[in-house]
$ cat upload39.cif   # mmCIF, C-alpha atoms
data_query
loop_
_atom_site.label_atom_id
_atom_site.label_comp_id
_atom_site.auth_asym_id
_atom_site.auth_seq_id
_atom_site.Cartn_x
_atom_site.Cartn_y
_atom_site.Cartn_z
CA MET A 25 77.81 88.71 -108.79
CA ASN A 26 76.30 87.68 -105.46
CA LYS A 27 75.05 90.52 -103.28
CA PRO A 28 76.90 90.76 -99.98
CA VAL A 29 74.73 89.48 -97.15
CA THR A 30 75.54 90.65 -93.66
CA VAL A 31 75.68 87.93 -91.09
CA THR A 32 74.18 89.82 -88.16
CA HIS A 33 70.98 87.81 -88.18
CA ALA A 34 69.28 89.10 -85.06
CA LEU A 35 72.33 88.98 -82.80
CA SER A 36 70.98 89.42 -79.33
CA ASN A 37 73.07 91.05 -76.64
CA GLU A 38 73.79 87.60 -75.21
CA HIS A 39 75.17 86.41 -78.52
CA ILE A 40 77.40 89.44 -78.83
CA GLU A 41 78.68 89.10 -75.27
CA GLU A 42 79.33 85.41 -75.78
CA ALA A 43 81.26 86.12 -78.97
CA GLU A 44 83.31 88.83 -77.31
CA THR A 45 84.08 86.63 -74.33
CA LYS A 46 85.26 83.81 -76.55
CA HIS A 47 87.28 86.27 -78.58
CA LEU A 48 89.03 87.59 -75.48
CA GLY A 49 89.53 84.04 -74.19
CA PHE A 50 91.27 82.98 -77.37
CA TRP A 51 93.37 86.13 -77.36
CA ILE A 52 94.51 85.33 -73.82
CA TYR A 53 95.45 81.82 -75.01
CA LEU A 54 97.53 83.44 -77.78
CA MET A 55 99.26 85.57 -75.17
CA THR A 56 100.23 82.46 -73.19
CA ASP A 57 101.49 80.93 -76.43
CA CYS A 58 103.69 84.01 -76.86
CA ILE A 59 105.23 83.32 -73.48
CA LEU A 60 105.79 79.70 -74.45
CA PHE A 61 107.68 80.80 -77.53
CA ALA A 62 109.55 83.40 -75.50
CA THR A 63 110.95 80.67 -73.24
CA LEU A 64 112.02 78.67 -76.30
CA PHE A 65 113.64 81.79 -77.73
CA ALA A 66 115.48 82.51 -74.48
CA THR A 67 116.73 78.92 -74.46
CA TYR A 68 117.86 79.17 -78.07
CA ILE A 69 119.65 82.46 -77.53
CA VAL A 70 121.51 81.07 -74.52
CA LEU A 71 122.51 77.88 -76.30
CA ARG A 72 123.10 79.17 -79.84
CA GLY A 73 126.88 79.07 -79.40
CA ASN A 74 126.97 75.60 -77.88
CA THR A 75 127.62 73.62 -81.03
CA TYR A 76 129.66 70.89 -79.27
CA GLY A 77 132.44 71.44 -81.77
CA GLY A 78 130.08 71.01 -84.69
CA PRO A 79 128.63 73.48 -87.20
CA GLY A 80 126.53 76.47 -86.23
CA GLY A 81 123.87 78.45 -88.05
CA LYS A 82 126.35 80.06 -90.39
CA GLU A 83 127.33 76.68 -91.80
CA LEU A 84 123.91 75.07 -91.81
CA PHE A 85 121.32 77.66 -92.83
CA ASP A 86 120.26 78.06 -96.46
CA MET A 87 119.22 81.71 -96.67
CA PRO A 88 117.37 81.80 -100.02
CA PHE A 89 115.40 78.79 -98.82
CA VAL A 90 114.49 80.57 -95.59
CA LEU A 91 113.52 83.73 -97.49
CA ALA A 92 111.16 81.64 -99.62
CA GLU A 93 109.59 80.17 -96.46
CA THR A 94 109.21 83.64 -94.99
CA LEU A 95 107.56 85.13 -98.07
CA ILE A 96 105.21 82.15 -98.43
CA LEU A 97 104.03 82.53 -94.85
CA LEU A 98 103.63 86.29 -95.21
CA ILE A 99 101.49 85.90 -98.31
CA SER A 100 99.39 83.25 -96.55
CA SER A 101 98.78 85.74 -93.71
CA PHE A 102 97.59 88.21 -96.32
CA THR A 103 95.24 85.75 -98.02
CA CYS A 104 93.92 84.80 -94.59
CA GLY A 105 93.04 88.45 -93.96
CA LEU A 106 91.32 88.61 -97.34
CA ALA A 107 89.36 85.46 -96.47
CA LEU A 108 88.04 87.12 -93.33
CA LEU A 109 87.04 90.24 -95.29
CA ALA A 110 85.20 88.04 -97.77
CA ALA A 111 83.46 86.28 -94.91
CA LYS A 112 82.31 89.58 -93.41
CA ALA A 113 80.86 90.45 -96.81
CA GLY A 114 79.07 87.11 -96.90
CA ARG A 115 80.86 85.89 -100.03
CA LYS A 116 81.07 82.18 -99.26
CA ALA A 117 82.78 81.18 -102.51
CA TYR A 118 85.57 83.72 -102.08
CA VAL A 119 86.08 82.59 -98.50
CA ALA A 120 86.51 79.00 -99.63
CA VAL A 121 88.96 79.95 -102.37
CA LEU A 122 91.03 82.24 -100.15
CA LEU A 123 91.11 79.71 -97.33
CA GLY A 124 92.20 77.13 -99.88
CA VAL A 125 95.05 79.36 -101.06
CA THR A 126 96.03 79.99 -97.44
CA PHE A 127 96.11 76.24 -96.89
CA LEU A 128 98.26 75.59 -99.95
CA LEU A 129 100.74 78.27 -98.93
CA GLY A 130 100.85 76.98 -95.36
CA ALA A 131 101.36 73.44 -96.60
CA ALA A 132 104.14 74.66 -98.91
CA PHE A 133 105.81 76.36 -95.94
CA LEU A 134 105.56 73.21 -93.86
CA GLY A 135 106.84 71.11 -96.74
CA LEU A 136 109.88 73.35 -97.15
CA GLU A 137 110.53 73.26 -93.43
CA LEU A 138 110.28 69.47 -93.27
CA THR A 139 112.70 69.29 -96.22
CA GLU A 140 115.09 71.49 -94.28
CA PHE A 141 114.78 69.35 -91.15
CA THR A 142 115.21 66.01 -92.87
CA LYS A 143 118.21 67.30 -94.81
CA LEU A 144 119.88 68.44 -91.59
CA ALA A 145 119.08 65.17 -89.81
CA ALA A 146 120.31 63.09 -92.74
CA GLU A 147 123.62 64.90 -92.60
CA GLY A 148 123.92 64.04 -88.92
CA HIS A 149 122.87 67.45 -87.63
CA ASN A 150 119.90 66.20 -85.64
CA TRP A 151 118.52 67.50 -82.35
CA GLN A 152 120.80 65.25 -80.34
CA ALA A 153 124.00 66.47 -81.94
CA SER A 154 124.43 69.65 -79.88
CA ALA A 155 122.62 72.05 -77.54
CA PHE A 156 122.39 74.56 -80.38
CA LEU A 157 120.62 72.03 -82.59
CA SER A 158 118.37 70.84 -79.74
CA ALA A 159 117.26 74.39 -79.15
CA PHE A 160 116.89 75.06 -82.88
CA PHE A 161 114.72 72.02 -83.59
CA THR A 162 112.59 72.62 -80.49
CA LEU A 163 111.92 76.27 -81.30
CA VAL A 164 111.40 76.00 -85.04
CA GLY A 165 109.70 72.61 -84.69
CA THR A 166 107.18 73.95 -82.17
CA HIS A 167 106.32 76.72 -84.61
CA GLY A 168 105.92 74.12 -87.37
CA LEU A 169 103.64 72.07 -85.14
CA HIS A 170 101.45 75.14 -84.65
CA ILE A 171 101.32 75.61 -88.42
CA ALA A 172 100.25 71.98 -88.83
CA VAL A 173 97.41 72.48 -86.36
CA GLY A 174 96.44 75.63 -88.26
CA LEU A 175 96.26 73.65 -91.49
CA LEU A 176 93.96 71.15 -89.80
CA TRP A 177 91.84 74.06 -88.58
CA ILE A 178 91.51 75.39 -92.14
CA ILE A 179 90.18 72.02 -93.30
CA VAL A 180 87.66 71.96 -90.48
CA MET A 181 86.60 75.53 -91.26
CA MET A 182 86.15 74.78 -94.96
CA TRP A 183 84.02 71.79 -94.02
CA GLN A 184 81.90 73.91 -91.69
CA ILE A 185 81.48 76.67 -94.27
CA ILE A 186 80.28 74.16 -96.84
CA SER A 187 77.97 72.26 -94.51
CA ARG A 188 76.64 75.10 -92.33
CA GLY A 189 77.28 78.26 -94.31
CA LEU A 190 78.50 81.51 -92.77
CA THR A 191 76.62 81.23 -89.48
CA ALA A 192 77.48 83.37 -86.45
CA GLY A 193 79.45 80.48 -84.95
CA VAL A 194 81.38 79.86 -88.17
CA MET A 195 82.15 83.57 -88.46
CA ARG A 196 83.43 83.65 -84.90
CA ARG A 197 85.65 80.61 -85.48
CA LEU A 198 86.97 82.07 -88.72
CA THR A 199 87.92 85.23 -86.84
CA LEU A 200 89.71 83.22 -84.17
CA PHE A 201 91.50 81.17 -86.84
CA SER A 202 92.75 84.32 -88.54
CA LEU A 203 94.04 85.59 -85.19
CA PHE A 204 95.92 82.30 -84.79
CA TRP A 205 97.35 82.38 -88.30
CA HIS A 206 98.50 86.03 -88.08
CA PHE A 207 100.04 85.29 -84.69
CA LEU A 208 102.06 82.43 -86.23
CA ASP A 209 103.44 84.83 -88.82
CA VAL A 210 104.44 87.26 -86.07
CA ILE A 211 106.32 84.46 -84.29
CA TRP A 212 108.00 83.58 -87.58
CA ILE A 213 109.30 87.16 -87.89
CA PHE A 214 111.21 86.52 -84.68
CA ILE A 215 112.43 83.12 -85.83
CA PHE A 216 113.51 84.55 -89.17
CA THR A 217 115.38 87.40 -87.48
CA ILE A 218 116.82 85.82 -84.34
CA VAL A 219 117.54 82.31 -85.60
CA TYR A 220 118.34 82.72 -89.28
CA LEU A 221 119.42 86.33 -89.89
CA MET A 222 121.38 86.60 -86.68
CA GLY A 223 122.73 83.09 -87.14
CA VAL A 224 124.27 84.06 -90.44
CA ALA A 225 125.21 87.68 -89.71
CA MET B 11 90.99 95.89 -97.13
CA LYS B 12 93.36 98.84 -97.18
CA SER B 13 94.67 97.76 -93.79
CA TYR B 14 95.75 94.38 -95.11
CA ILE B 15 97.35 95.78 -98.26
CA ILE B 16 99.35 98.40 -96.35
CA GLY B 17 100.34 95.74 -93.81
CA PHE B 18 101.36 93.26 -96.47
CA ILE B 19 103.45 95.68 -98.55
CA SER B 20 105.16 97.09 -95.44
CA ALA B 21 105.90 93.65 -94.01
CA LEU B 22 107.23 92.49 -97.37
CA ALA B 23 109.53 95.52 -97.64
CA LEU B 24 110.80 95.13 -94.07
CA THR B 25 111.49 91.43 -94.64
CA LEU B 26 113.39 92.00 -97.88
CA VAL B 27 115.43 94.90 -96.49
CA ALA B 28 116.49 92.88 -93.43
CA TYR B 29 117.38 89.93 -95.64
CA LEU B 30 119.43 92.03 -98.03
CA PHE B 31 121.27 93.74 -95.19
CA VAL B 32 122.47 90.36 -93.97
CA VAL B 33 123.07 88.57 -97.26
CA ASN B 34 124.72 91.51 -99.04
CA HIS B 35 126.69 92.59 -95.96
CA TRP B 36 125.38 96.16 -96.16
CA ALA B 37 126.35 96.37 -92.51
CA THR B 38 128.31 94.18 -90.12
CA GLY B 39 128.77 93.49 -86.43
CA ASP B 40 126.67 95.17 -83.77
CA VAL B 41 125.31 97.75 -86.20
CA LEU B 42 123.85 94.98 -88.34
CA ILE B 43 122.25 93.33 -85.31
CA TRP B 44 120.60 96.56 -84.22
CA ILE B 45 119.33 97.19 -87.73
CA ILE B 46 117.71 93.79 -88.21
CA MET B 47 116.26 93.80 -84.70
CA GLY B 48 114.83 97.25 -85.39
CA LEU B 49 113.33 96.09 -88.69
CA ALA B 50 111.87 93.03 -86.97
CA ALA B 51 110.34 95.14 -84.18
CA LEU B 52 108.86 97.43 -86.81
CA GLN B 53 107.39 94.53 -88.73
CA VAL B 54 105.88 93.08 -85.57
CA VAL B 55 104.14 96.39 -84.91
CA VAL B 56 102.99 96.56 -88.53
CA GLN B 57 101.53 93.06 -88.36
CA LEU B 58 99.97 93.64 -84.95
CA VAL B 59 98.25 96.81 -86.11
CA PHE B 60 97.36 96.02 -89.73
CA PHE B 61 96.71 92.25 -89.52
CA LEU B 62 95.71 91.73 -85.89
CA HIS B 63 94.05 95.14 -85.44
CA LEU B 64 95.64 95.67 -82.04
CA GLY B 65 94.47 98.91 -80.42
CA ARG B 66 91.34 99.17 -82.52
CA GLU B 67 88.90 97.63 -80.07
CA GLN B 68 86.29 99.62 -78.20
CA LYS B 69 86.57 100.19 -74.46
CA PRO B 70 87.16 98.29 -72.23
CA GLN B 71 90.33 97.25 -74.02
CA TRP B 72 90.95 93.91 -72.40
CA ASN B 73 92.79 92.61 -75.47
CA GLY B 74 95.26 95.43 -75.09
CA ALA B 75 95.59 94.83 -71.36
CA ALA B 76 96.28 91.12 -71.87
CA PHE B 77 98.84 91.96 -74.54
CA TYR B 78 100.78 94.44 -72.39
CA PHE B 79 100.75 92.11 -69.42
CA MET B 80 102.12 89.33 -71.64
CA LEU B 81 104.84 91.73 -72.73
CA ILE B 82 105.82 92.43 -69.12
CA VAL B 83 106.05 88.72 -68.27
CA LEU B 84 107.94 88.06 -71.49
CA VAL B 85 110.53 90.76 -70.86
CA ILE B 86 111.11 89.45 -67.35
CA ILE B 87 111.57 85.88 -68.56
CA VAL B 88 113.75 86.60 -71.59
CA ALA B 89 115.86 89.44 -70.18
CA GLY B 90 116.13 87.62 -66.86
CA SER B 91 117.28 84.38 -68.48
CA LEU B 92 119.84 86.10 -70.67
CA TRP B 93 121.12 88.14 -67.71
CA ILE B 94 121.46 85.10 -65.48
CA MET B 95 123.14 82.94 -68.12
CA TYR B 96 125.51 85.71 -69.13
CA HIS B 97 126.58 86.16 -65.51
CA LEU B 98 126.85 82.43 -65.01
CA ASN B 99 129.18 82.15 -67.98
CA TYR B 100 131.16 85.16 -66.82
CA ASN B 101 131.51 83.75 -63.33
CA MET B 102 132.85 80.49 -64.68
CA GLY B 103 135.86 82.64 -65.58
CA MET B 104 136.77 81.14 -68.93
CA ASP B 105 137.03 82.48 -72.46
CA PRO B 106 134.77 80.84 -75.07
CA LYS B 107 137.45 78.40 -76.22
CA GLN B 108 138.29 77.25 -72.69
CA MET B 109 134.55 76.97 -71.96
CA GLU B 110 134.08 74.77 -75.02
CA GLU B 111 136.96 72.49 -73.95
CA TYR B 112 135.62 72.37 -70.40
CA MET B 113 132.14 71.40 -71.59
CA LEU B 114 133.48 68.76 -73.98
CA LYS B 115 135.54 67.27 -71.17
CA GLN B 116 132.56 67.26 -68.79
CA SER B 117 130.23 65.61 -71.27
CA SER B 118 132.80 62.97 -72.18
CA LYS B 119 132.74 61.88 -68.55
CA GLY B 120 129.32 60.48 -69.26
CA PHE B 121 127.27 62.31 -66.63
#
$ encode --input "upload39.cif" --output "structure tokens"
Amino acid sequence: MNKPVTVTHALSNEHIEEAETKHLGFWIYLMTDCILFATLFATYIVLRGNTYGGPGGKELFDMPFVLAETLILLISSFTCGLALLAAKAGRKAYVAVLLGVTFLLGAAFLGLELTEFTKLAAEGHNWQASAFLSAFFTLVGTHGLHIAVGLLWIIVMMWQIISRGLTAGVMRRLTLFSLFWHFLDVIWIFIFTIVYLMGVA
Amino acid sequence: MKSYIIGFISALALTLVAYLFVVNHWATGDVLIWIIMGLAALQVVVQLVFFLHLGREQKPQWNGAAFYFMLIVLVIIVAGSLWIMYHLNYNMGMDPKQMEEYMLKQSSKGF
């Protein structure tokens, strides 16, 4: 059992201020990302009925599939939180494992989503078929793109943890990553509810 | 640790309840919409508090300030867009079927 080692190795006031500033800066970026998604949501809500004579959500969405995606992402948010707790306790091995699980879950989510998209496109329901589908692919696709970037970030973080250990910088970046990952799950709650649940209701 | 477990269990429950309401038709129409929106709002709060630790920072709470400002901008954009588009559609003076025919005719003109 490795003893937990705290990471506050002589954090000067400057270090702490710098960390807090970067934390706030990233949070503000996340807030602007919320507004980005809000505009995509507004667009989707306005155009959801414009199916150009074709099928709408009720006909196209596979609800058990979507539930699986939702649960996978939720669990990955949980394991991400656990990874951060492990990092604060200095338990490098646990951090690596939990980040790895988070990655696998995130990749599974993305895989399912890509399956969903390709199936729709193969059946002719691509983003050019109607305004509803344009809005759908843009909104859900943008979220998926964010997830993909998050997966890349996990790989970078795992590399940094292995090569540098749990330094102050690595800790800070892990914290920012977990903010990003939790934020993506929050956005998904809205997608799940507004796009899928309300599409089928 | 407790924070994440409470958050996870609550979020899981809220997700499943919303899903079952829709899939099992435990409610329909406007009532159903209000219920799932309410459950979603609740889950957002749960995740913000238990995963993102919103409101737990020391003073000055700039994270909180940035969040509430974002909310203001967001409400203006989303509510404003929906309001405008709803009125636009209303002022076009057609029922949904006529509107669909009108739009199909317009797009077939190749603009």
$ resolve_selection --input "upload39.cif" --expression "the PyMOL selection byres ((chain B) within 7 of (chain A))" --output "list in words"
Tyr14, Phe18, Val32, Ile43, Ile46, Ala50, Val54, Gln57, Phe61, Leu62, Asn73, Ala76, Phe77, Met80, Leu84, Val88, Ser91, Leu92, Met95 and Leu114 of chain B
$ write_last_selection --input "upload39.cif" --atoms "C-alpha atoms" --output "PDB file, keeping the file's coordinate frame"
ATOM      1  CA  TYR B  14      95.750  94.380 -95.110  1.00  0.00           C
ATOM      2  CA  PHE B  18     101.360  93.260 -96.470  1.00  0.00           C
ATOM      3  CA  VAL B  32     122.470  90.360 -93.970  1.00  0.00           C
ATOM      4  CA  ILE B  43     122.250  93.330 -85.310  1.00  0.00           C
ATOM      5  CA  ILE B  46     117.710  93.790 -88.210  1.00  0.00           C
ATOM      6  CA  ALA B  50     111.870  93.030 -86.970  1.00  0.00           C
ATOM      7  CA  VAL B  54     105.880  93.080 -85.570  1.00  0.00           C
ATOM      8  CA  GLN B  57     101.530  93.060 -88.360  1.00  0.00           C
ATOM      9  CA  PHE B  61      96.710  92.250 -89.520  1.00  0.00           C
ATOM     10  CA  LEU B  62      95.710  91.730 -85.890  1.00  0.00           C
ATOM     11  CA  ASN B  73      92.790  92.610 -75.470  1.00  0.00           C
ATOM     12  CA  ALA B  76      96.280  91.120 -71.870  1.00  0.00           C
ATOM     13  CA  PHE B  77      98.840  91.960 -74.540  1.00  0.00           C
ATOM     14  CA  MET B  80     102.120  89.330 -71.640  1.00  0.00           C
ATOM     15  CA  LEU B  84     107.940  88.060 -71.490  1.00  0.00           C
ATOM     16  CA  VAL B  88     113.750  86.600 -71.590  1.00  0.00           C
ATOM     17  CA  SER B  91     117.280  84.380 -68.480  1.00  0.00           C
ATOM     18  CA  LEU B  92     119.840  86.100 -70.670  1.00  0.00           C
ATOM     19  CA  MET B  95     123.140  82.940 -68.120  1.00  0.00           C
ATOM     20  CA  LEU B 114     133.480  68.760 -73.980  1.00  0.00           C
TER      21      LEU B 114
END
$ residues_near_point --input "upload39.cif" --point "(110.3, 95.3, -96.9)" --cutoff "12 Å" --atoms "all atoms listed in the file" --output "MDAnalysis selection string"
(chainID A and resid 94:95 98) or (chainID B and resid 16:31 46 49:50 52:53 56)
$ closest_residue --input "upload39.cif" --among "A:Ala132, A:Ala120, A:Leu97, A:Leu144" --to "Leu84 in chain A" --atoms "all atoms listed in the file"
A:Leu144
$ resolve_selection --input "upload39.cif" --expression "the PyMOL selection byres ((chain A and resi 174-182) around 7)" --output "MDAnalysis selection string"
chainID A and resid 120 123 127 130 170:173 183:186 205
$ atom_distance --input "upload39.cif" --atom1 "CA of Phe141 in chain A" --atom2 "CA of Ser100 in chain A"
21.4 Å
$ atom_distance --input "upload39.cif" --atom1 "CA of Ile15 in chain B" --atom2 "CA of Trp36 in chain B"
28.1 Å
$ closest_residue --input "upload39.cif" --among "B:Ile82, B:Leu58, B:Asn34, B:Gly103" --to "Leu208 in chain A" --atoms "all atoms listed in the file"
B:Leu58
$ resolve_selection --input "upload39.cif" --expression "the PyMOL selection byres ((chain A and resi 147-154) around 12)" --output "PyMOL selection string"
(chain A and resi 68+71-81+83-85+140-146+155-165) or (chain B and resi 110+113-114+117)
$ atom_distance --input "upload39.cif" --atom1 "CA of Gly65 in chain B" --atom2 "CA of Tyr78 in chain B"
11.1 Å
$ decode --input "upload39.cif" --residues "range 163-174 of chain A" --atoms "all heavy atoms" --output "compact mmCIF listing (two decimals), in the first residue's frame"
# COMPACT_ATOMS: atom_id res chain seq x y z
N LEU A 163 -25.42 19.70 -33.67
CA LEU A 163 -25.43 19.75 -32.21
C LEU A 163 -24.75 18.52 -31.61
O LEU A 163 -23.78 18.64 -30.85
CB LEU A 163 -26.87 19.84 -31.71
CG LEU A 163 -27.09 19.70 -30.21
CD1 LEU A 163 -26.34 20.78 -29.47
CD2 LEU A 163 -28.57 19.75 -29.88
N VAL A 164 -25.23 17.34 -31.98
CA VAL A 164 -24.69 16.12 -31.36
C VAL A 164 -23.26 15.88 -31.82
O VAL A 164 -22.40 15.43 -31.07
CB VAL A 164 -25.60 14.91 -31.69
CG1 VAL A 164 -25.08 13.67 -31.00
CG2 VAL A 164 -27.02 15.19 -31.25
N GLY A 165 -22.98 16.24 -33.09
CA GLY A 165 -21.63 16.08 -33.62
C GLY A 165 -20.62 16.98 -32.93
O GLY A 165 -19.47 16.58 -32.67
N THR A 166 -21.03 18.22 -32.62
CA THR A 166 -20.12 19.13 -31.91
C THR A 166 -19.78 18.56 -30.54
O THR A 166 -18.64 18.61 -30.08
CB THR A 166 -20.76 20.51 -31.76
OG1 THR A 166 -21.06 21.02 -33.05
CG2 THR A 166 -19.83 21.47 -31.04
N HIS A 167 -20.81 18.00 -29.87
CA HIS A 167 -20.55 17.38 -28.57
C HIS A 167 -19.57 16.22 -28.74
O HIS A 167 -18.62 16.07 -27.96
CB HIS A 167 -21.87 16.89 -27.96
CG HIS A 167 -21.68 16.17 -26.67
ND1 HIS A 167 -21.52 14.80 -26.59
CD2 HIS A 167 -21.59 16.62 -25.40
CE1 HIS A 167 -21.37 14.44 -25.33
NE2 HIS A 167 -21.40 15.53 -24.58
N GLY A 168 -19.78 15.41 -29.77
CA GLY A 168 -18.89 14.27 -30.02
C GLY A 168 -17.47 14.72 -30.30
O GLY A 168 -16.49 14.09 -29.86
N LEU A 169 -17.34 15.83 -31.00
CA LEU A 169 -16.01 16.38 -31.29
C LEU A 169 -15.31 16.76 -29.98
O LEU A 169 -14.12 16.50 -29.78
CB LEU A 169 -16.17 17.61 -32.19
CG LEU A 169 -14.97 18.03 -33.02
CD1 LEU A 169 -14.57 16.89 -33.95
CD2 LEU A 169 -15.32 19.26 -33.85
N HIS A 170 -16.07 17.37 -29.07
CA HIS A 170 -15.51 17.72 -27.76
C HIS A 170 -15.05 16.48 -27.02
O HIS A 170 -14.00 16.48 -26.37
CB HIS A 170 -16.55 18.47 -26.91
CG HIS A 170 -16.68 19.92 -27.23
ND1 HIS A 170 -17.26 20.38 -28.38
CD2 HIS A 170 -16.31 21.03 -26.54
CE1 HIS A 170 -17.24 21.70 -28.39
NE2 HIS A 170 -16.67 22.12 -27.28
N ILE A 171 -15.85 15.41 -27.12
CA ILE A 171 -15.47 14.16 -26.44
C ILE A 171 -14.16 13.63 -27.02
O ILE A 171 -13.26 13.20 -26.30
CB ILE A 171 -16.58 13.10 -26.60
CG1 ILE A 171 -17.84 13.52 -25.87
CG2 ILE A 171 -16.09 11.73 -26.13
CD1 ILE A 171 -17.82 13.26 -24.39
N ALA A 172 -14.04 13.72 -28.36
CA ALA A 172 -12.82 13.23 -29.01
C ALA A 172 -11.60 14.00 -28.51
O ALA A 172 -10.55 13.43 -28.21
CB ALA A 172 -12.96 13.37 -30.53
N VAL A 173 -11.74 15.32 -28.40
CA VAL A 173 -10.64 16.13 -27.88
C VAL A 173 -10.32 15.72 -26.44
O VAL A 173 -9.16 15.61 -26.05
CB VAL A 173 -11.01 17.64 -27.94
CG1 VAL A 173 -9.99 18.46 -27.18
CG2 VAL A 173 -11.09 18.10 -29.38
N GLY A 174 -11.38 15.45 -25.67
CA GLY A 174 -11.18 14.99 -24.29
C GLY A 174 -10.39 13.69 -24.24
O GLY A 174 -9.52 13.53 -23.38
